[in-house]
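Have a look at the structure below, then the notes.
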Amino acid sequence: WKDWIDEESLELFRKYGYFHLKLRDLSEEFSNVRVITLNTQASNDLNWNLLSSLNDPGNQLKWLEEQLREIESTDEIAIIIGHIPPDVALTEWSIRYKALVERFQHVIRFQGFGHVHQEEFNVVRGAFDFKPISSYHQAGSLTTFTGKNPSFRIMDFDKETMLPLRMHTYFLNITKANSEGTIQWEHAYEFSEAYGLDDLSPSALSALPDKFFEDPQLAVKYLKARA
């Protein structure tokens, strides 16, 4: 991991399980984009160790706020990733986390989580006006747990704004792989194209359930894609 995580982030990870780093690929570092990785065991409702520290385990929310304030002051962009999504986290932790998302909605460009072993999306709304202000996405799993084919997502981002543009899902047909003795990942669909969205903005995602209500076949398509 030394090629990806610097010593400061590595020490933070060893001590608390959360860290941040600059976004980079194999050839380029995006100096204005900070990836924040959360330790969501601090919000796990099945983590009984939290009974001794319910307020802010590991001072993670305090650290997150400090990171977001620094990102705001230096005109950077934040991408947040973690395992357990906020909507299935401990209530108090989730409320405080969503308050930070609302406060720093102008710098947080993407939130990605897992845990549920199927594709889902959630729209974050303002506490007072209930307007869509942000969103977060859960991808499928590489395991077959809960009887699903392994899957993963590849995201396309705008290089300048770091706003998500497209979400491609790939899957492995386990039955076919076992029968033929070879592994072949297949492209399943692209999210915005499949559901007729102009973009992946919070407002577009907020309107998608209405499209499902008006078009039952589209709703069935979404449910099948999650399976």
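Residues are referred to by chain and number: the chain letter is A, B, ... according to the order shown in the structure tokens, the number counts from 1 in that chain, and ligands are numbered separately from 1 in the order shown.
Near stretch 200-217 of chain A, within 7 Å and counting only C-alpha atoms, sit Val123, Pro132, Ile133, Ser134, Ser135, Pro164, Leu165, Ser192, Leu197, Val220 and Lys221 of chain A; same-chain residues fewer than 3 positions away were not included.
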(request) Among the residues of stretch 55-193 of chain A, find those DSSP assigns to helix (DSSP H, G or I) from the backbone and print them as a ChimeraX atom specification. (result) /A:57-73,86-88,91-103,174-180,191-193
Selection to disk with C-alpha atoms, as a CSV table (one decimal), in the first residue's frame:
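File produced: again-v7.csv:
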```csv
chain,number,residue,atom,x,y,z
A,57,PRO,CA,-16.1,6.7,18.2
A,58,GLY,CA,-12.5,7.5,17.3
A,59,ASN,CA,-13.4,11.1,16.9
A,60,GLN,CA,-14.1,10.3,13.2
A,61,LEU,CA,-16.9,12.8,12.7
A,62,LYS,CA,-14.8,15.5,14.2
A,63,TRP,CA,-11.9,14.5,11.9
A,64,LEU,CA,-14.3,14.4,8.9
A,65,GLU,CA,-15.5,17.9,9.6
A,66,GLU,CA,-11.9,19.2,9.9
A,67,GLN,CA,-11.1,17.6,6.6
A,68,LEU,CA,-14.1,19.1,4.8
A,69,ARG,CA,-13.4,22.5,6.3
A,70,GLU,CA,-9.8,22.3,5.0
A,71,ILE,CA,-11.0,21.1,1.6
A,72,GLU,CA,-13.4,24.1,1.5
A,73,SER,CA,-10.8,26.6,2.4
A,86,PRO,CA,-25.5,6.1,6.3
A,87,ASP,CA,-29.1,4.9,5.9
A,88,VAL,CA,-28.4,1.6,7.7
A,91,THR,CA,-29.2,6.8,14.0
A,92,GLU,CA,-27.2,9.4,15.9
A,93,TRP,CA,-24.1,8.8,13.7
A,94,SER,CA,-26.2,9.0,10.5
A,95,ILE,CA,-27.9,12.2,11.5
A,96,ARG,CA,-24.5,13.9,12.3
A,97,TYR,CA,-23.0,12.6,9.1
A,98,LYS,CA,-25.9,13.8,6.9
A,99,ALA,CA,-25.6,17.2,8.6
A,100,LEU,CA,-22.0,17.4,7.5
A,101,VAL,CA,-23.0,16.4,3.9
A,102,GLU,CA,-25.6,19.2,3.9
A,103,ARG,CA,-23.1,21.7,5.2
A,174,ILE,CA,-21.5,-18.1,-12.2
A,175,THR,CA,-23.6,-20.9,-13.8
A,176,LYS,CA,-22.0,-20.2,-17.2
A,177,ALA,CA,-18.5,-20.0,-15.7
A,178,ASN,CA,-18.9,-23.3,-13.9
A,179,SER,CA,-20.3,-24.9,-17.0
A,180,GLU,CA,-17.6,-23.7,-19.4
A,191,PHE,CA,-27.3,3.4,-15.1
A,192,SER,CA,-28.3,6.7,-16.7
A,193,GLU,CA,-28.9,5.1,-20.1
```
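Using only C-alpha atoms, the nearest neighbour of A:Ala89 within the list A:Arg109, A:His187, A:His137, A:His115 is A:His115.
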- Query: Quick one: residues within 9 Å of A:Leu38, only C-alpha atoms counted, chain neighbours fewer than 6 positions away excluded, as a ChimeraX atom specification?
  - Reply: /A:17-20,60,64,80-83
Using only C-alpha atoms, which protein or nucleic acid residues come within 8 Å of stretch 31-33 of chain A? Drop anything in the same chain fewer than 5 positions from it, and give the result as an NGL selection string.
:A and (22-23 or 75-79)
Based on the backbone DSSP call, show me all residues of stretch 79-198 of chain A assigned strand (DSSP E or B), as JSON, numbers by chain.
{"A": [79, 80, 81, 108, 109, 110, 111, 112, 113, 120, 121, 122, 123, 124, 125, 132, 133, 134, 135, 136, 137, 138, 151, 152, 153, 154, 155, 156, 157, 164, 165, 166, 167, 168, 169, 170, 171, 172, 185, 186, 187, 188, 189, 190]}
| Any idea what's packed within 9 Å of A:Leu172, counting only C-alpha atoms, ignoring anything in its chain fewer than 4 positions away? Could you give it as JSON, numbers by chain? | {"A": [142, 149, 150, 151, 176, 177, 183, 184, 185, 186]}
Next, write the just-selected residues to a file, as a compact mmCIF listing (two decimals), in the first residue's frame, keeping C-alpha atoms as the atom set.
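Saved file part-v3.txt follows:
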```txt
# COMPACT_ATOMS: atom_id res chain seq x y z
CA LEU A 142 -17.85 -9.59 -5.76
CA ASN A 149 -23.84 -13.24 -9.34
CA PRO A 150 -20.64 -11.31 -8.54
CA SER A 151 -20.66 -7.76 -9.91
CA LYS A 176 -22.02 -20.18 -17.20
CA ALA A 177 -18.52 -19.96 -15.70
CA ILE A 183 -14.44 -16.59 -16.34
CA GLN A 184 -15.92 -13.87 -18.53
CA TRP A 185 -17.05 -10.56 -17.04
CA GLU A 186 -19.97 -9.11 -19.03
```
Quiz prompt | Residues near A:Pro85, cut-off 8 Å, only C-alpha atoms, skip fewer than 5 positions along chain, as a PyMOL selection string | solution = chain A and resi 113-115+138
Taking N, CA and C atoms for each residue, export the selection above as a tab-separated table (two decimals), in the first residue's frame.
```tsv
chain	number	residue	atom	x	y	z
A	113	PHE	N	-20.64	3.49	-1.21
A	113	PHE	CA	-20.62	2.54	-0.11
A	113	PHE	C	-20.92	1.13	-0.63
A	114	GLY	N	-20.96	0.16	0.27
A	114	GLY	CA	-21.24	-1.23	-0.10
A	114	GLY	C	-22.20	-1.85	0.89
A	115	HIS	N	-21.80	-2.97	1.49
A	115	HIS	CA	-22.48	-3.59	2.63
A	115	HIS	C	-23.75	-4.35	2.27
A	138	GLN	N	-24.63	2.50	-3.63
A	138	GLN	CA	-24.08	1.23	-3.19
A	138	GLN	C	-23.98	0.31	-4.41
```
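Atom CA of A:His106 lies 13.7 Å from atom CA of A:Arg125.
Atom CA of A:Asp198 is positioned 18.7 Å from atom CA of A:Lys131.
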Residue with the minimum atom-to-atom distance to A:Leu51, picked from A:Val124, A:Leu90, A:Tyr170, A:Leu163 with only C-alpha atoms counted, is A:Leu90
Closest of A:Ala194, A:Phe171, A:Thr161, A:Lys224 to A:Phe30, counting only C-alpha atoms, is A:Thr161
